[in-house]
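Undergrad: Here you go, one structure.
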Amino acid sequence: MRVGALEYAMAWRDPHANRQFLEKNLQRSAPAHDLIVLPEMWSTGFTMDPTDVAETMSGPTVDAMIQWAQSYDCNLVGSLIILDEGRYYNRLISALPDGTLHHYDKQKLFSYAGEDKSYTAGQETLIYEYQGWRICPLICYDLRFPALADRADYDLLVYTASWPSTRAAHWNALLQARAIENQSYVLGCNRVGTDRNDLSYQGDSQVLDYQGLRIDRGESMTETDAARLCSAVLDHDSLMTYREKLPFLQDK
């Protein structure tokens, strides 16, 4: 399965502009991939004021993800601000080419920035299947809590993130740790640029194999280098062979 992480500098609190930007870049990147992951809160930036930018599950941004997944025959993954039954969620949407939607609500809210005061935490981890792969998607701060990923029933662990440059070393180290301890492929997609809170993001999107080794290749997607795609090909047979040779997951 060919996977990609599309990192970019999103327009602040402007879903329409971000949908337009992605439409252009997905035309170039999505057709060559089976799965594309977008950053956390990809349509707005990581804002703690959801009131004016939240959408419902039948809103234009979820609709756009469904249409893109079908048009480009790929699984499209990324988190949005969703209003559901009077509560705001940092919700990861996974849109499949056949029109199926899965979603996951961020379980560990980033209290340091006040995320817990604006959003409701999720209660369950999601595992879904696509092209014979079992995929576990999580969101940003979830990465700091290994118990959320401590299970043996997935093949690919996905993180969508808005992880600032000041803690980039943590991002890189923890992604590698999750791959090693769970003997799983790991894909991390993080945004770039600077937001209206003057926080800078350097991306560091990557794909790691089940030994924690980086296997991705990256390319610039725009003339200004505002978007970059890192991609890799995952081999399910080699993953299974490695797990059989070193059956550490059985001891979980």
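Within each chain, counting starts at residue 1; across the structure tokens, chains are named A, B, ... in the order shown, with ligands numbered 1 upward in that order.
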I need the strand (DSSP E) residues of stretch 83-127 of chain A per DSSP on the backbone, written as a ChimeraX atom specification.

TA: /A:83-84,87-95,101-105

Undergrad: Please provide the set of residues having any atom within 6 Å of A:Asp34, restricted to only C-alpha atoms, with same-chain residues fewer than 3 positions apart removed, written as a PyMOL selection string.

TA: chain A and resi 2-3+74

Undergrad: Taking C-alpha atoms for each residue, export the selection above as a short mmCIF file (atom, residue, chain, number, x, y, z; two decimals), in the first residue's frame.

TA:
data_model
loop_
_atom_site.label_atom_id
_atom_site.label_comp_id
_atom_site.auth_asym_id
_atom_site.auth_seq_id
_atom_site.Cartn_x
_atom_site.Cartn_y
_atom_site.Cartn_z
CA ARG A 2 1.35 3.41 -0.99
CA VAL A 3 0.81 6.00 1.74
CA CYS A 74 -7.85 6.74 -1.88
#

Undergrad: From the list A:Asp209, A:Asp204, A:Asp142, A:Asp237, which residue is nearest A:Asn182 when using only C-alpha atoms?

TA: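 So, comparing all the options, the nearest one is A:Asp209.
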
Undergrad: Neighbouring residues of stretch 7-9 of chain A were defined as those with any atom within 8 Å, considering only C-alpha atoms; residues of the same chain fewer than 2 positions away were excluded. Please report them as a list in words.

TA: Ala5, Ala11, Leu38, Pro39, Cys189, Asn190, Arg191, Val192, Gly193, Thr194, Gly203, Ser205, Ala226, Ala227, Arg228 and Leu229 of chain A

Undergrad: Check the smallest atom-to-atom distance from each of A:Gly45, A:Pro146, A:Pro31, A:Gly99 to A:Asn197 using only C-alpha atoms, then report the winner.

TA: A:Gly45

Undergrad: Please identify which residues in stretch 97-178 of chain A DSSP calls alpha helix (DSSP H) from the backbone, and express them as a ChimeraX atom specification.

TA: /A:115-118,168-178

Undergrad: Kindly save the residues from that selection, with C-alpha atoms included, as an mmCIF file, in the first residue's frame.

TA:
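Below is the file again23.cif, written as the result:
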data_model
loop_
_atom_site.group_PDB
_atom_site.id
_atom_site.type_symbol
_atom_site.label_atom_id
_atom_site.label_comp_id
_atom_site.auth_asym_id
_atom_site.auth_seq_id
_atom_site.Cartn_x
_atom_site.Cartn_y
_atom_site.Cartn_z
ATOM 1 C CA GLU A 115 -8.094 22.290 24.491
ATOM 2 C CA ASP A 116 -9.912 20.501 27.311
ATOM 3 C CA LYS A 117 -11.963 23.641 28.014
ATOM 4 C CA SER A 118 -13.238 23.958 24.427
ATOM 5 C CA ALA A 168 10.142 18.562 17.479
ATOM 6 C CA ALA A 169 12.667 16.251 19.145
ATOM 7 C CA HIS A 170 9.830 14.727 21.172
ATOM 8 C CA TRP A 171 7.733 14.176 18.034
ATOM 9 C CA ASN A 172 10.553 12.362 16.264
ATOM 10 C CA ALA A 173 11.531 10.221 19.250
ATOM 11 C CA LEU A 174 7.992 9.206 20.178
ATOM 12 C CA LEU A 175 7.006 8.218 16.643
ATOM 13 C CA GLN A 176 10.037 5.940 16.502
ATOM 14 C CA ALA A 177 9.208 4.485 19.911
ATOM 15 C CA ARG A 178 5.609 3.685 18.885
#

Undergrad: Calculated over only C-alpha atoms, which of the candidates A:Arg167, A:Val53, A:Glu129, A:Gly188 has the smallest distance to A:Ser200?

TA: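 Looking only at the distances to A:Ser200, the closest residue turns out to be A:Arg167.
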
Undergrad: So what do you get for atom CA of A:Leu96 versus atom CA of A:Ile66, distance-wise?

TA: 7.3 Å

Undergrad: Skip A:Gln123 itself and residues of its chain fewer than 2 positions away, then list as a list in words all residues within 8 Å of it, counting only C-alpha atoms.

TA: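 What passes the distance filter is Asp105, Gln107, Ala121 and Thr125 of chain A.
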
Undergrad: Pick out the residues sitting within 10 Å of A:Glu23, and hand them over as a VMD selection string; count only C-alpha atoms, and ignore anything fewer than 4 positions along from it in its own chain.

TA: chain A and resid 17 to 19 27 to 28 30 64 to 65 68

Undergrad: Find, counting only C-alpha atoms, the residue in A:Glu40, A:Asp216, A:Asp14, A:Glu244 that gets nearest to A:Tyr141.

TA: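 Answer, going by the shortest atom-to-atom distance: A:Glu40.
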
Undergrad: Give me the residues within 10 Å of A:Ala179 as a ChimeraX atom specification, counting only C-alpha atoms and dropping any in the same chain fewer than 2 places off.

TA: /A:149,156-157,174-177,181-187,207-213

Undergrad: With C-alpha atoms kept, could you save the residues just selected as a PDB file, in the first residue's frame?

TA:
ATOM      1  CA  ALA A 149      -1.460   2.426  21.001  1.00  0.00           C
ATOM      2  CA  LEU A 156      -0.427   0.808  10.637  1.00  0.00           C
ATOM      3  CA  LEU A 157      -0.502   3.521  13.301  1.00  0.00           C
ATOM      4  CA  LEU A 174       7.992   9.206  20.178  1.00  0.00           C
ATOM      5  CA  LEU A 175       7.006   8.218  16.643  1.00  0.00           C
ATOM      6  CA  GLN A 176      10.037   5.940  16.502  1.00  0.00           C
ATOM      7  CA  ALA A 177       9.208   4.485  19.911  1.00  0.00           C
ATOM      8  CA  GLU A 181       7.271  -1.137  20.717  1.00  0.00           C
ATOM      9  CA  ASN A 182       4.233  -2.078  18.617  1.00  0.00           C
ATOM     10  CA  GLN A 183       6.128  -3.629  15.680  1.00  0.00           C
ATOM     11  CA  SER A 184       3.972  -1.526  13.399  1.00  0.00           C
ATOM     12  CA  TYR A 185       4.342   0.831  10.498  1.00  0.00           C
ATOM     13  CA  VAL A 186       3.834   4.411  11.719  1.00  0.00           C
ATOM     14  CA  LEU A 187       2.849   7.463   9.676  1.00  0.00           C
ATOM     15  CA  VAL A 207       6.779   7.105   7.620  1.00  0.00           C
ATOM     16  CA  LEU A 208       8.586   4.520   9.744  1.00  0.00           C
ATOM     17  CA  ASP A 209       8.717   0.774   9.390  1.00  0.00           C
ATOM     18  CA  TYR A 210       8.131  -1.789  12.147  1.00  0.00           C
ATOM     19  CA  GLN A 211      11.760  -1.446  13.301  1.00  0.00           C
ATOM     20  CA  GLY A 212      11.501   2.326  13.696  1.00  0.00           C
ATOM     21  CA  LEU A 213      13.462   3.100  10.518  1.00  0.00           C
TER      22      LEU A 213
END

Undergrad: One number please: atom CA of A:Gly4 to atom CA of A:Ile36, in Å, one decimal.

TA: 4.8 Å

Undergrad: Please identify all polymer residues within 10 Å of A:Asp98, counting only C-alpha atoms, omitting same-chain residues fewer than 2 positions from it, and present them as a PyMOL selection string.

TA: chain A and resi 66+69-70+73-75+95-96+100-101
